[in-house]
Structure formats: structure tokens, C-alpha cells
$ cat entry.cif   # mmCIF, C-alpha atoms
data_query
loop_
_atom_site.label_atom_id
_atom_site.label_comp_id
_atom_site.auth_asym_id
_atom_site.auth_seq_id
_atom_site.Cartn_x
_atom_site.Cartn_y
_atom_site.Cartn_z
CA MET X 170 22.49 10.75 -12.56
CA CYS X 171 21.11 9.66 -9.18
CA SER X 172 21.02 13.09 -7.54
CA LYS X 173 18.02 14.51 -9.41
CA PRO X 174 15.45 11.88 -8.34
CA LEU X 175 16.74 12.13 -4.76
CA ILE X 176 16.41 15.93 -4.76
CA LEU X 177 12.91 15.70 -6.23
CA ASN X 178 11.93 13.10 -3.63
CA TYR X 179 13.31 15.25 -0.80
CA ALA X 180 11.36 18.28 -2.03
CA MET X 181 8.19 16.22 -2.23
CA VAL X 182 8.65 14.90 1.31
CA GLN X 183 9.19 18.41 2.62
CA TYR X 184 6.07 19.64 0.85
CA MET X 185 4.00 16.80 2.30
CA LEU X 186 5.35 17.33 5.81
CA SER X 187 4.64 21.05 5.58
CA SER X 188 1.07 20.30 4.52
CA LEU X 189 0.65 17.74 7.32
CA LYS X 190 1.96 20.23 9.88
CA ALA X 191 -0.49 22.91 8.73
CA ALA X 192 -3.40 20.45 8.78
CA ALA X 193 -2.52 19.26 12.30
CA GLU X 194 -2.32 22.83 13.60
CA ALA X 195 -5.67 23.66 11.98
CA HIS X 196 -7.10 20.56 13.65
CA GLY X 197 -5.86 21.73 17.05
CA LYS X 198 -3.37 18.86 17.34
CA PRO X 199 0.04 20.27 16.36
CA GLU X 200 1.74 17.17 17.80
CA TRP X 201 0.21 15.13 14.96
CA GLY X 202 1.99 17.18 12.30
CA SER X 203 5.58 15.95 12.51
CA THR X 204 5.25 12.49 10.89
CA GLY X 205 2.88 9.78 9.75
CA PRO X 206 1.93 6.73 11.83
CA THR X 207 5.00 5.17 13.44
CA ASP X 208 3.26 1.90 14.33
CA ALA X 209 1.98 0.89 10.90
CA GLY X 210 4.60 -1.80 10.33
CA HIS X 211 6.53 -2.48 7.14
CA TYR X 212 5.86 -3.74 3.62
CA ASN X 213 5.63 -7.44 4.50
CA ASN X 214 3.73 -7.10 7.78
CA TRP X 215 0.20 -8.46 8.06
CA PRO X 216 -2.35 -5.95 9.38
CA GLU X 217 -2.84 -7.84 12.65
CA ASP X 218 0.92 -7.70 13.28
CA THR X 219 0.79 -3.92 13.55
CA GLN X 220 -0.65 -1.61 16.19
CA PHE X 221 -2.07 0.79 13.62
CA PHE X 222 -3.95 -1.61 11.33
CA ARG X 223 -5.05 -4.34 13.73
CA LYS X 224 -8.75 -5.18 13.99
CA GLU X 225 -9.32 -4.37 17.66
CA GLY X 226 -8.10 -1.01 18.90
CA GLY X 227 -6.10 -0.21 15.78
CA GLY X 228 -5.01 3.39 15.37
CA TRP X 229 -6.65 3.59 11.94
CA ASP X 230 -10.05 3.63 13.69
CA GLY X 231 -9.15 6.30 16.26
CA PRO X 232 -9.09 10.11 16.17
CA TYR X 233 -5.48 10.30 14.98
CA GLY X 234 -6.01 7.66 12.32
CA GLU X 235 -9.08 9.44 10.99
CA PHE X 236 -7.19 12.72 10.87
CA PHE X 237 -4.13 11.31 9.13
CA LEU X 238 -5.98 9.14 6.61
CA THR X 239 -8.35 11.99 5.73
CA TRP X 240 -5.39 14.30 5.13
CA TYR X 241 -3.44 11.69 3.16
CA SER X 242 -6.32 10.71 0.86
CA GLN X 243 -7.31 14.34 0.38
CA MET X 244 -3.79 15.22 -0.73
CA LEU X 245 -4.00 12.57 -3.44
CA LEU X 246 -7.48 13.70 -4.51
CA GLU X 247 -6.26 17.28 -4.79
CA HIS X 248 -3.25 16.12 -6.80
CA GLY X 249 -5.56 14.25 -9.17
CA ASP X 250 -7.75 17.33 -9.41
CA ARG X 251 -4.79 19.47 -10.46
CA ILE X 252 -3.52 16.95 -13.00
CA LEU X 253 -6.97 16.58 -14.55
CA SER X 254 -7.45 20.35 -14.67
CA SER X 255 -4.24 20.64 -16.67
CA ALA X 256 -5.11 17.69 -18.90
CA THR X 257 -8.61 18.92 -19.71
CA SER X 258 -7.30 22.41 -20.50
CA ILE X 259 -4.85 20.87 -22.99
CA PHE X 260 -7.22 18.41 -24.64
CA ASP X 261 -10.39 20.49 -24.48
CA ASN X 262 -12.33 20.50 -27.79
CA THR X 263 -9.98 17.91 -29.33
CA GLY X 264 -12.28 14.92 -28.98
CA VAL X 265 -9.82 13.18 -26.63
CA LYS X 266 -11.44 11.26 -23.79
CA ILE X 267 -9.42 11.22 -20.58
CA SER X 268 -9.30 8.00 -18.58
CA VAL X 269 -7.79 7.68 -15.11
CA LYS X 270 -6.30 4.37 -13.98
CA VAL X 271 -7.17 3.40 -10.41
CA ALA X 272 -5.41 0.38 -8.94
CA GLY X 273 -7.43 -2.62 -7.78
CA ILE X 274 -5.93 -3.32 -4.35
CA HIS X 275 -7.89 -6.36 -3.24
CA TRP X 276 -5.50 -7.83 -0.64
CA HIS X 277 -6.97 -7.79 2.89
CA TYR X 278 -10.21 -6.37 1.51
CA GLY X 279 -12.06 -8.67 3.90
CA THR X 280 -10.53 -7.01 6.98
CA ARG X 281 -11.94 -4.00 8.78
CA SER X 282 -9.05 -1.67 8.09
CA HIS X 283 -8.28 -2.53 4.42
CA ALA X 284 -4.65 -1.79 5.26
CA PRO X 285 -3.19 -2.04 1.70
CA GLU X 286 -5.75 0.43 0.36
CA LEU X 287 -5.14 2.85 3.22
CA THR X 288 -1.39 2.62 2.64
CA ALA X 289 -1.93 3.53 -1.02
CA GLY X 290 -4.00 6.56 -0.06
CA TYR X 291 -7.44 5.11 -0.79
CA TYR X 292 -9.36 5.85 2.43
CA ASN X 293 -11.56 2.80 2.05
CA THR X 294 -12.48 0.69 5.08
CA ARG X 295 -15.35 -1.56 6.05
CA PHE X 296 -17.08 1.55 7.39
CA ARG X 297 -16.12 4.14 4.78
CA ASP X 298 -16.38 4.30 0.99
CA GLY X 299 -13.08 5.53 -0.37
CA TYR X 300 -13.96 5.21 -4.06
CA LEU X 301 -16.95 7.54 -4.20
CA PRO X 302 -14.76 10.65 -3.60
CA ILE X 303 -12.47 9.49 -6.40
CA ALA X 304 -15.43 8.95 -8.74
CA GLN X 305 -16.85 12.38 -7.84
CA MET X 306 -13.50 14.02 -8.55
CA LEU X 307 -13.39 12.35 -11.97
CA ALA X 308 -16.99 13.40 -12.64
CA ARG X 309 -16.08 17.06 -12.22
CA HIS X 310 -13.65 16.71 -15.13
CA GLY X 311 -15.71 14.39 -17.32
CA ALA X 312 -13.06 11.66 -17.01
CA ILE X 313 -13.49 7.88 -17.16
CA PHE X 314 -12.85 5.74 -14.08
CA ASN X 315 -10.55 2.95 -15.29
CA PHE X 316 -10.31 0.02 -12.87
CA THR X 317 -8.33 -3.20 -12.88
CA CYS X 318 -8.55 -6.84 -11.60
CA ILE X 319 -11.77 -7.35 -13.58
CA GLU X 320 -10.84 -10.93 -14.48
CA MET X 321 -10.33 -12.12 -10.90
CA ARG X 322 -12.64 -14.16 -8.69
CA ASP X 323 -12.49 -14.08 -4.93
CA HIS X 324 -11.75 -17.78 -4.48
CA GLU X 325 -8.77 -17.68 -6.88
CA GLN X 326 -6.85 -15.31 -4.63
CA PRO X 327 -5.05 -16.12 -1.33
CA GLN X 328 -7.82 -16.65 1.19
CA GLU X 329 -5.47 -16.27 4.14
CA ALA X 330 -5.06 -12.65 3.01
CA LEU X 331 -8.86 -12.20 2.75
CA CYS X 332 -8.60 -11.07 -0.88
CA ALA X 333 -11.90 -10.10 -2.50
CA PRO X 334 -11.46 -8.63 -5.99
CA GLU X 335 -15.07 -9.33 -7.00
CA LYS X 336 -16.43 -7.43 -4.01
CA LEU X 337 -14.00 -4.59 -4.70
CA VAL X 338 -15.09 -4.33 -8.35
CA LYS X 339 -18.73 -4.28 -7.26
CA GLN X 340 -18.02 -1.47 -4.78
CA VAL X 341 -16.30 0.58 -7.48
CA ALA X 342 -19.22 -0.05 -9.86
CA LEU X 343 -21.62 1.28 -7.23
CA ALA X 344 -19.44 4.35 -6.63
CA THR X 345 -19.28 5.19 -10.34
CA GLN X 346 -23.02 4.67 -10.62
CA LYS X 347 -23.66 7.15 -7.80
CA ALA X 348 -21.22 9.68 -9.26
CA GLN X 349 -22.52 9.10 -12.81
CA VAL X 350 -19.04 8.38 -14.13
CA PRO X 351 -18.33 5.90 -16.96
CA LEU X 352 -16.43 2.84 -15.79
CA ALA X 353 -13.79 1.09 -17.89
CA GLY X 354 -11.87 -2.05 -16.97
CA GLU X 355 -8.65 -3.99 -17.38
CA ASN X 356 -7.45 -7.44 -16.44
CA ALA X 357 -4.57 -7.39 -13.96
CA LEU X 358 -2.91 -10.65 -14.99
CA PRO X 359 -2.38 -12.25 -18.42
CA ARG X 360 -5.19 -14.80 -18.68
CA TYR X 361 -6.12 -16.86 -21.73
CA ASP X 362 -8.68 -19.22 -20.24
CA GLU X 363 -12.44 -19.11 -20.71
CA TYR X 364 -13.00 -18.99 -16.95
CA ALA X 365 -11.32 -15.58 -16.79
CA HIS X 366 -13.09 -14.46 -19.97
CA GLU X 367 -16.45 -15.33 -18.46
CA GLN X 368 -15.65 -13.32 -15.35
CA ILE X 369 -14.69 -10.28 -17.44
CA ILE X 370 -17.93 -10.51 -19.42
CA ARG X 371 -19.95 -10.83 -16.22
CA ALA X 372 -18.17 -7.96 -14.47
CA SER X 373 -18.48 -5.71 -17.52
CA GLN X 374 -22.27 -6.02 -17.40
CA LEU X 375 -22.28 -3.96 -14.17
CA ASP X 376 -25.17 -5.88 -12.67
CA VAL X 377 -25.08 -4.19 -9.28
CA ASP X 378 -27.15 -5.63 -6.42
CA GLY X 379 -28.84 -8.06 -8.78
CA GLU X 380 -30.19 -5.26 -10.97
CA SER X 381 -29.30 -5.59 -14.62
CA GLY X 382 -30.33 -2.27 -16.17
CA ASP X 383 -28.73 -0.88 -19.31
CA ARG X 384 -25.42 0.16 -17.78
CA GLU X 385 -22.20 -1.49 -18.99
CA MET X 386 -18.51 -0.75 -18.88
CA CYS X 387 -17.71 1.84 -21.52
CA ALA X 388 -14.45 0.11 -22.49
CA PHE X 389 -12.18 -2.79 -21.64
CA THR X 390 -8.42 -3.08 -22.17
CA TYR X 391 -7.14 -6.62 -22.57
CA LEU X 392 -3.64 -7.17 -21.20
CA ARG X 393 -1.27 -8.41 -22.58
CA MET X 394 -0.47 -9.15 -26.20
CA ASN X 395 2.33 -11.72 -26.38
CA PRO X 396 3.11 -14.99 -28.23
CA HIS X 397 0.91 -17.01 -25.86
CA LEU X 398 -2.18 -15.10 -27.03
CA PHE X 399 -1.59 -16.29 -30.60
CA GLU X 400 -1.34 -19.96 -29.75
CA PRO X 401 -4.21 -21.66 -31.68
CA ASN X 402 -6.28 -22.65 -28.67
CA ASN X 403 -5.79 -19.33 -26.87
CA TRP X 404 -6.57 -17.34 -30.03
CA ARG X 405 -9.78 -19.30 -30.56
CA LYS X 406 -10.91 -18.55 -27.01
CA PHE X 407 -9.91 -14.91 -27.30
CA VAL X 408 -11.86 -14.36 -30.53
CA GLY X 409 -14.98 -15.85 -28.93
CA PHE X 410 -14.46 -13.63 -25.90
CA VAL X 411 -14.16 -10.47 -28.03
CA LYS X 412 -17.32 -11.38 -29.96
CA LYS X 413 -19.26 -11.81 -26.72
CA MET X 414 -17.92 -8.56 -25.30
CA LYS X 415 -18.98 -6.77 -28.47
CA GLU X 416 -22.52 -8.14 -28.25
CA GLY X 417 -22.92 -6.95 -24.66
CA LYS X 418 -26.30 -6.76 -22.96
CA SER X 419 -28.08 -5.87 -26.18
CA ALA X 420 -27.22 -9.24 -27.71
CA HIS X 421 -30.09 -10.91 -29.51
CA LYS X 422 -27.94 -13.80 -30.67
CA CYS X 423 -27.44 -17.02 -28.76
CA TRP X 424 -23.89 -17.73 -27.63
CA GLU X 425 -23.73 -20.76 -29.96
CA GLU X 426 -24.19 -18.44 -32.94
CA VAL X 427 -21.54 -16.08 -31.61
CA GLU X 428 -19.13 -18.99 -31.20
CA ARG X 429 -19.78 -20.15 -34.78
CA GLU X 430 -18.92 -16.67 -36.01
CA ALA X 431 -15.79 -16.75 -33.90
CA GLU X 432 -14.72 -20.08 -35.41
CA HIS X 433 -15.09 -18.60 -38.89
CA PHE X 434 -12.97 -15.58 -37.91
CA VAL X 435 -10.30 -17.86 -36.41
CA HIS X 436 -10.09 -19.75 -39.70
CA VAL X 437 -9.88 -16.57 -41.80
CA THR X 438 -7.19 -14.97 -39.64
CA GLN X 439 -5.03 -18.06 -39.18
CA PRO X 440 -2.24 -16.99 -41.60
CA LEU X 441 -2.01 -13.54 -40.01
CA VAL X 442 -1.99 -14.99 -36.51
CA GLN X 443 0.79 -17.40 -37.38
CA GLU X 444 2.82 -14.53 -38.82
CA ALA X 445 2.26 -12.41 -35.69
CA ALA X 446 3.31 -15.29 -33.42
CA VAL X 447 6.55 -15.73 -35.36
CA LEU X 448 7.34 -12.01 -35.24
CA MET X 449 6.77 -11.81 -31.48
CA HIS X 450 9.12 -14.69 -30.63
#
$ encode --input "entry.cif" --output "C-alpha cells"
Amino acid sequence: MCSKPLILNYAMVQYMLSSLKAAAEAHGKPEWGSTGPTDAGHYNNWPEDTQFFRKEGGGWDGPYGEFFLTWYSQMLLEHGDRILSSATSIFDNTGVKISVKVAGIHWHYGTRSHAPELTAGYYNTRFRDGYLPIAQMLARHGAIFNFTCIEMRDHEQPQEALCAPEKLVKQVALATQKAQVPLAGENALPRYDEYAHEQIIRASQLDVDGESGDREMCAFTYLRMNPHLFEPNNWRKFVGFVKKMKEGKSAHKCWEEVEREAEHFVHVTQPLVQEAAVLMH
């Protein structure tokens, strides 16, 4: 049972190493083609604890780092290109809209190297936009850019890790605007409070650089449905949130009117909500 995944993983590693070797030889640096960075640390290392990701003189910002990270990110872009080509050929003329989930890796976003993003294959640093190439790849296939961590605010996340989900979401919004790709969103964590709801509504407006415009997220997926969502207070907040999301930028109603409508809906659906809560326990 365990041998098949191991064989598949071995074949994948060999394929990647073969590609890296060919890229290094084409670059005139065959010595760069035998392995990835050996000084990038381990899973729990902080960027400054490593030679490769540190702020001053880190390998990520040198010739080898540029070569390796370009190759690595390009391999993932090409993989996405192939998958989307297959998907669009299957679902062409069916009315199905393809959406591609892109992870919101906001840890250490405030550093120069953006080490977690680089490790994941997103060649995004303080000096390079790694999300525009992804958006452009999706544009070629008419796919939706689906991004996460929409509910998060910068100050809620560990400041010692220089997390910045709001800045990351804004960068992605700009990239999708440039590539003319629809942007959809998701929350990363289960949140039932109005503070998170307000952040989702604000982020979904896609007000980039203080310019409102008519652009909005094309869709939002709320995670996750569980018994906590159907608790009376949480359900009341959620209904109001959905109403406000539905109104969007074109809303002509005041929020007080929207909240009154939400209260009415909460009252009407109370028996069904109670039944759902019982079934989910």
C-alpha cells in the first residue's frame, strides 16, 4: 500500500532534477543543476536564521537564487498551464467555469525575501511580483483566480513573523486587475464575528489604491459550515453578512434596512436552522 506513493514521488523527483539539470546547463552553470539550495534551512527556521533567505546577502537575491527560483516557479506555472489545458478541453462548451485556488501565504510577507512564498514556488519578493504571472496564466485559459485569507487583518496575525494578509490580498487584486482575470475569495479560518465579516465585505469591493470603480470579487466561498454557524447569534450575524455581500457596491439601501431584512429572515428560518444544528451535532 505504501510503495505506490513512494514510487510516484521518486519519479517526480527524478523528473524535476532532470529539468533542473537541463536548465542549469542551458544557463551555462551546470554546477547549479544537481540540487536545490542547501542553505535554505528547515520547516521551522526563521528566514534570518538561514543563509539563503536572510535579509542581507541572502542567496535568494543573488545570481544562483534568481536562477533557481525562476526555474522552480516556472515549473509550477507550466504544470498549471497543462492542467488547465486539459480541464478546458474537457469542460469546453459545457457552461462550467473553472476556478483555480491559490494559497494566501502571508507569513513573513513584510520581509524582503518572502521566504514562505518562495518555498511554495510563488516567486514573490519585495522586488518582484510573483502573482502577475499566475494571473496571466489563468487569463489565457479564461479561469478565475481564487484566493484565500480574505477575512484576515494584518494586526490580527503574529507581528513577530511580519504577517500581512491585507497587503497580500491587495497585491493579488492588483495582479488580477492588470491581467483582467476575475478574482474570487475564501476565508482561511472559521470566523463568525462581525469584525471578520466587515473585512470580507471590504476586501471583496476590490478598492485598489483608494480607487473604488465598479470591480468586485466575482464570488466568495464561506468556510466552514458546522454547528457553530447555526448558533442563534452567529446565524443572525451571518445572515446580515450575506445580505450585505449580495448588495455589493451597487447597493442603494442603507445598512440599517439590510439588517432589518436580515432579522426578518432569521425569524423565518429559525425552525430550519434549529433542525440543521441538531443534525450536525
$ closest_residue --input "entry.cif" --among "X:Phe410, X:Phe389, X:Tyr241, X:Phe314" --to "Ala289 (chain X)" --atoms "all atoms listed in the file"
X:Tyr241
$ residues_around --input "entry.cif" --residues "region 315-331 of chain X" --least-positions-apart "6" --cutoff "7 Å" --atoms "only C-alpha atoms" --output "list in words"
Ser268, Val269, Lys270, Val271, Ala272, Gly273, Trp276, His277, Tyr278, Gly279, Thr280, Val338, Leu352, Ala353, Gly354, Glu355, Asn356, Ala357, Ala365, His366, Gln368, Ile369 and Ala372 of chain X
$ write_last_selection --input "entry.cif" --atoms "C-alpha atoms" --output "PDB file, keeping the file's coordinate frame"
ATOM      1  CA  SER X 268      -9.300   8.000 -18.580  1.00  0.00           C
ATOM      2  CA  VAL X 269      -7.790   7.680 -15.110  1.00  0.00           C
ATOM      3  CA  LYS X 270      -6.300   4.370 -13.980  1.00  0.00           C
ATOM      4  CA  VAL X 271      -7.170   3.400 -10.410  1.00  0.00           C
ATOM      5  CA  ALA X 272      -5.410   0.380  -8.940  1.00  0.00           C
ATOM      6  CA  GLY X 273      -7.430  -2.620  -7.780  1.00  0.00           C
ATOM      7  CA  TRP X 276      -5.500  -7.830  -0.640  1.00  0.00           C
ATOM      8  CA  HIS X 277      -6.970  -7.790   2.890  1.00  0.00           C
ATOM      9  CA  TYR X 278     -10.210  -6.370   1.510  1.00  0.00           C
ATOM     10  CA  GLY X 279     -12.060  -8.670   3.900  1.00  0.00           C
ATOM     11  CA  THR X 280     -10.530  -7.010   6.980  1.00  0.00           C
ATOM     12  CA  VAL X 338     -15.090  -4.330  -8.350  1.00  0.00           C
ATOM     13  CA  LEU X 352     -16.430   2.840 -15.790  1.00  0.00           C
ATOM     14  CA  ALA X 353     -13.790   1.090 -17.890  1.00  0.00           C
ATOM     15  CA  GLY X 354     -11.870  -2.050 -16.970  1.00  0.00           C
ATOM     16  CA  GLU X 355      -8.650  -3.990 -17.380  1.00  0.00           C
ATOM     17  CA  ASN X 356      -7.450  -7.440 -16.440  1.00  0.00           C
ATOM     18  CA  ALA X 357      -4.570  -7.390 -13.960  1.00  0.00           C
ATOM     19  CA  ALA X 365     -11.320 -15.580 -16.790  1.00  0.00           C
ATOM     20  CA  HIS X 366     -13.090 -14.460 -19.970  1.00  0.00           C
ATOM     21  CA  GLN X 368     -15.650 -13.320 -15.350  1.00  0.00           C
ATOM     22  CA  ILE X 369     -14.690 -10.280 -17.440  1.00  0.00           C
ATOM     23  CA  ALA X 372     -18.170  -7.960 -14.470  1.00  0.00           C
TER      24      ALA X 372
END
$ residues_around --input "entry.cif" --residues "Ala191 (chain X)" --least-positions-apart "4" --cutoff "12 Å" --atoms "only C-alpha atoms" --output "list in words"
Tyr184, Met185, Leu186, Ser187, Ala195, His196, Gly197, Lys198, Pro199, Glu200, Trp201, Gly202, Ser203 and Trp240 of chain X
$ write_last_selection --input "entry.cif" --atoms "C-alpha atoms" --output "JSON list (two decimals), in the frame of the given file"
[["chain", "number", "residue", "atom", "x", "y", "z"],
["X", 184, "TYR", "CA", 6.07, 19.64, 0.85],
["X", 185, "MET", "CA", 4.00, 16.80, 2.30],
["X", 186, "LEU", "CA", 5.35, 17.33, 5.81],
["X", 187, "SER", "CA", 4.64, 21.05, 5.58],
["X", 195, "ALA", "CA", -5.67, 23.66, 11.98],
["X", 196, "HIS", "CA", -7.10, 20.56, 13.65],
["X", 197, "GLY", "CA", -5.86, 21.73, 17.05],
["X", 198, "LYS", "CA", -3.37, 18.86, 17.34],
["X", 199, "PRO", "CA", 0.04, 20.27, 16.36],
["X", 200, "GLU", "CA", 1.74, 17.17, 17.80],
["X", 201, "TRP", "CA", 0.21, 15.13, 14.96],
["X", 202, "GLY", "CA", 1.99, 17.18, 12.30],
["X", 203, "SER", "CA", 5.58, 15.95, 12.51],
["X", 240, "TRP", "CA", -5.39, 14.30, 5.13]]
$ closest_residue --input "entry.cif" --among "X:Gln349, X:Asn214, X:Ser242, X:Thr219" --to "His310 (chain X)" --atoms "only C-alpha atoms"
X:Gln349
$ residues_around --input "entry.cif" --residues "Ile303 (chain X)" --least-positions-apart "2" --cutoff "12 Å" --atoms "only C-alpha atoms" --output "PyMOL selection string"
chain X and resi 242-250+269-272+290-293+298-301+305-310+312-316+341+344-345+347-350
$ atom_distance --input "entry.cif" --atom1 "CA of Met386 (chain X)" --atom2 "CA of Glu416 (chain X)"
12.6 Å
$ decode --input "entry.cif" --residues "region 219-230 of chain X" --atoms "all heavy atoms" --output "PDB file, in the first residue's frame"
ATOM      1  N   THR X 219      18.687  31.514   8.280  1.00  0.00           N
ATOM      2  CA  THR X 219      19.229  30.767   7.146  1.00  0.00           C
ATOM      3  C   THR X 219      20.129  31.663   6.299  1.00  0.00           C
ATOM      4  O   THR X 219      19.953  32.880   6.244  1.00  0.00           O
ATOM      5  CB  THR X 219      18.106  30.218   6.251  1.00  0.00           C
ATOM      6  OG1 THR X 219      17.510  31.291   5.503  1.00  0.00           O
ATOM      7  CG2 THR X 219      17.029  29.530   7.073  1.00  0.00           C
ATOM      8  N   GLN X 220      21.052  31.047   5.614  1.00  0.00           N
ATOM      9  CA  GLN X 220      21.943  31.786   4.714  1.00  0.00           C
ATOM     10  C   GLN X 220      21.198  32.214   3.445  1.00  0.00           C
ATOM     11  O   GLN X 220      21.410  33.305   2.925  1.00  0.00           O
ATOM     12  CB  GLN X 220      23.141  30.908   4.331  1.00  0.00           C
ATOM     13  CG  GLN X 220      24.148  31.567   3.394  1.00  0.00           C
ATOM     14  CD  GLN X 220      24.922  32.688   4.053  1.00  0.00           C
ATOM     15  OE1 GLN X 220      25.169  32.635   5.257  1.00  0.00           O
ATOM     16  NE2 GLN X 220      25.316  33.695   3.281  1.00  0.00           N
ATOM     17  N   PHE X 221      20.280  31.360   3.002  1.00  0.00           N
ATOM     18  CA  PHE X 221      19.628  31.616   1.714  1.00  0.00           C
ATOM     19  C   PHE X 221      18.587  32.729   1.797  1.00  0.00           C
ATOM     20  O   PHE X 221      18.482  33.558   0.897  1.00  0.00           O
ATOM     21  CB  PHE X 221      18.977  30.328   1.202  1.00  0.00           C
ATOM     22  CG  PHE X 221      18.456  30.437  -0.206  1.00  0.00           C
ATOM     23  CD1 PHE X 221      19.330  30.370  -1.280  1.00  0.00           C
ATOM     24  CD2 PHE X 221      17.097  30.596  -0.457  1.00  0.00           C
ATOM     25  CE1 PHE X 221      18.854  30.470  -2.594  1.00  0.00           C
ATOM     26  CE2 PHE X 221      16.619  30.697  -1.753  1.00  0.00           C
ATOM     27  CZ  PHE X 221      17.502  30.635  -2.826  1.00  0.00           C
ATOM     28  N   PHE X 222      17.801  32.766   2.877  1.00  0.00           N
ATOM     29  CA  PHE X 222      16.676  33.695   2.948  1.00  0.00           C
ATOM     30  C   PHE X 222      16.948  34.962   3.766  1.00  0.00           C
ATOM     31  O   PHE X 222      16.075  35.818   3.861  1.00  0.00           O
ATOM     32  CB  PHE X 222      15.451  32.989   3.546  1.00  0.00           C
ATOM     33  CG  PHE X 222      14.850  31.949   2.642  1.00  0.00           C
ATOM     34  CD1 PHE X 222      14.789  30.624   3.047  1.00  0.00           C
ATOM     35  CD2 PHE X 222      14.354  32.287   1.397  1.00  0.00           C
ATOM     36  CE1 PHE X 222      14.225  29.657   2.231  1.00  0.00           C
ATOM     37  CE2 PHE X 222      13.787  31.323   0.563  1.00  0.00           C
ATOM     38  CZ  PHE X 222      13.729  30.014   0.977  1.00  0.00           C
ATOM     39  N   ARG X 223      18.125  35.091   4.345  1.00  0.00           N
ATOM     40  CA  ARG X 223      18.357  36.235   5.219  1.00  0.00           C
ATOM     41  C   ARG X 223      18.330  37.552   4.429  1.00  0.00           C
ATOM     42  O   ARG X 223      18.559  37.574   3.212  1.00  0.00           O
ATOM     43  CB  ARG X 223      19.673  36.079   5.960  1.00  0.00           C
ATOM     44  CG  ARG X 223      20.907  36.173   5.100  1.00  0.00           C
ATOM     45  CD  ARG X 223      22.158  35.967   5.937  1.00  0.00           C
ATOM     46  NE  ARG X 223      23.369  36.192   5.154  1.00  0.00           N
ATOM     47  CZ  ARG X 223      24.600  36.102   5.640  1.00  0.00           C
ATOM     48  NH1 ARG X 223      24.777  35.770   6.904  1.00  0.00           N
ATOM     49  NH2 ARG X 223      25.637  36.324   4.863  1.00  0.00           N
ATOM     50  N   LYS X 224      18.067  38.624   5.148  1.00  0.00           N
ATOM     51  CA  LYS X 224      17.855  39.936   4.534  1.00  0.00           C
ATOM     52  C   LYS X 224      19.089  40.445   3.805  1.00  0.00           C
ATOM     53  O   LYS X 224      19.016  40.861   2.646  1.00  0.00           O
ATOM     54  CB  LYS X 224      17.420  40.934   5.614  1.00  0.00           C
ATOM     55  CG  LYS X 224      17.191  42.346   5.103  1.00  0.00           C
ATOM     56  CD  LYS X 224      16.581  43.218   6.174  1.00  0.00           C
ATOM     57  CE  LYS X 224      17.477  43.342   7.388  1.00  0.00           C
ATOM     58  NZ  LYS X 224      16.939  44.265   8.411  1.00  0.00           N
ATOM     59  N   GLU X 225      20.229  40.431   4.481  1.00  0.00           N
ATOM     60  CA  GLU X 225      21.461  40.956   3.904  1.00  0.00           C
ATOM     61  C   GLU X 225      22.309  39.825   3.343  1.00  0.00           C
ATOM     62  O   GLU X 225      22.723  38.923   4.073  1.00  0.00           O
ATOM     63  CB  GLU X 225      22.259  41.730   4.970  1.00  0.00           C
ATOM     64  CG  GLU X 225      21.521  42.921   5.557  1.00  0.00           C
ATOM     65  CD  GLU X 225      21.300  44.029   4.551  1.00  0.00           C
ATOM     66  OE1 GLU X 225      21.993  44.047   3.511  1.00  0.00           O
ATOM     67  OE2 GLU X 225      20.407  44.872   4.798  1.00  0.00           O
ATOM     68  N   GLY X 226      22.571  39.872   2.058  1.00  0.00           N
ATOM     69  CA  GLY X 226      23.442  38.882   1.437  1.00  0.00           C
ATOM     70  C   GLY X 226      22.850  37.511   1.284  1.00  0.00           C
ATOM     71  O   GLY X 226      23.583  36.525   1.076  1.00  0.00           O
ATOM     72  N   GLY X 227      21.532  37.391   1.381  1.00  0.00           N
ATOM     73  CA  GLY X 227      20.883  36.095   1.220  1.00  0.00           C
ATOM     74  C   GLY X 227      20.981  35.582  -0.208  1.00  0.00           C
ATOM     75  O   GLY X 227      20.924  36.364  -1.175  1.00  0.00           O
ATOM     76  N   GLY X 228      21.138  34.276  -0.345  1.00  0.00           N
ATOM     77  CA  GLY X 228      21.280  33.679  -1.669  1.00  0.00           C
ATOM     78  C   GLY X 228      20.098  33.920  -2.585  1.00  0.00           C
ATOM     79  O   GLY X 228      20.240  33.913  -3.811  1.00  0.00           O
ATOM     80  N   TRP X 229      18.912  34.106  -2.016  1.00  0.00           N
ATOM     81  CA  TRP X 229      17.716  34.331  -2.826  1.00  0.00           C
ATOM     82  C   TRP X 229      17.863  35.548  -3.740  1.00  0.00           C
ATOM     83  O   TRP X 229      17.239  35.605  -4.810  1.00  0.00           O
ATOM     84  CB  TRP X 229      16.487  34.543  -1.924  1.00  0.00           C
ATOM     85  CG  TRP X 229      16.574  35.807  -1.108  1.00  0.00           C
ATOM     86  CD1 TRP X 229      17.186  35.954   0.100  1.00  0.00           C
ATOM     87  CD2 TRP X 229      16.051  37.094  -1.452  1.00  0.00           C
ATOM     88  NE1 TRP X 229      17.085  37.256   0.544  1.00  0.00           N
ATOM     89  CE2 TRP X 229      16.385  37.973  -0.393  1.00  0.00           C
ATOM     90  CE3 TRP X 229      15.333  37.586  -2.532  1.00  0.00           C
ATOM     91  CZ2 TRP X 229      16.027  39.323  -0.386  1.00  0.00           C
ATOM     92  CZ3 TRP X 229      14.971  38.933  -2.541  1.00  0.00           C
ATOM     93  CH2 TRP X 229      15.318  39.786  -1.481  1.00  0.00           C
ATOM     94  N   ASP X 230      18.702  36.523  -3.315  1.00  0.00           N
ATOM     95  CA  ASP X 230      18.853  37.771  -4.053  1.00  0.00           C
ATOM     96  C   ASP X 230      20.087  37.769  -4.943  1.00  0.00           C
ATOM     97  O   ASP X 230      20.427  38.792  -5.525  1.00  0.00           O
ATOM     98  CB  ASP X 230      18.937  38.935  -3.052  1.00  0.00           C
ATOM     99  CG  ASP X 230      18.635  40.276  -3.697  1.00  0.00           C
ATOM    100  OD1 ASP X 230      17.917  40.289  -4.717  1.00  0.00           O
ATOM    101  OD2 ASP X 230      19.124  41.300  -3.195  1.00  0.00           O
TER     102      ASP X 230
END
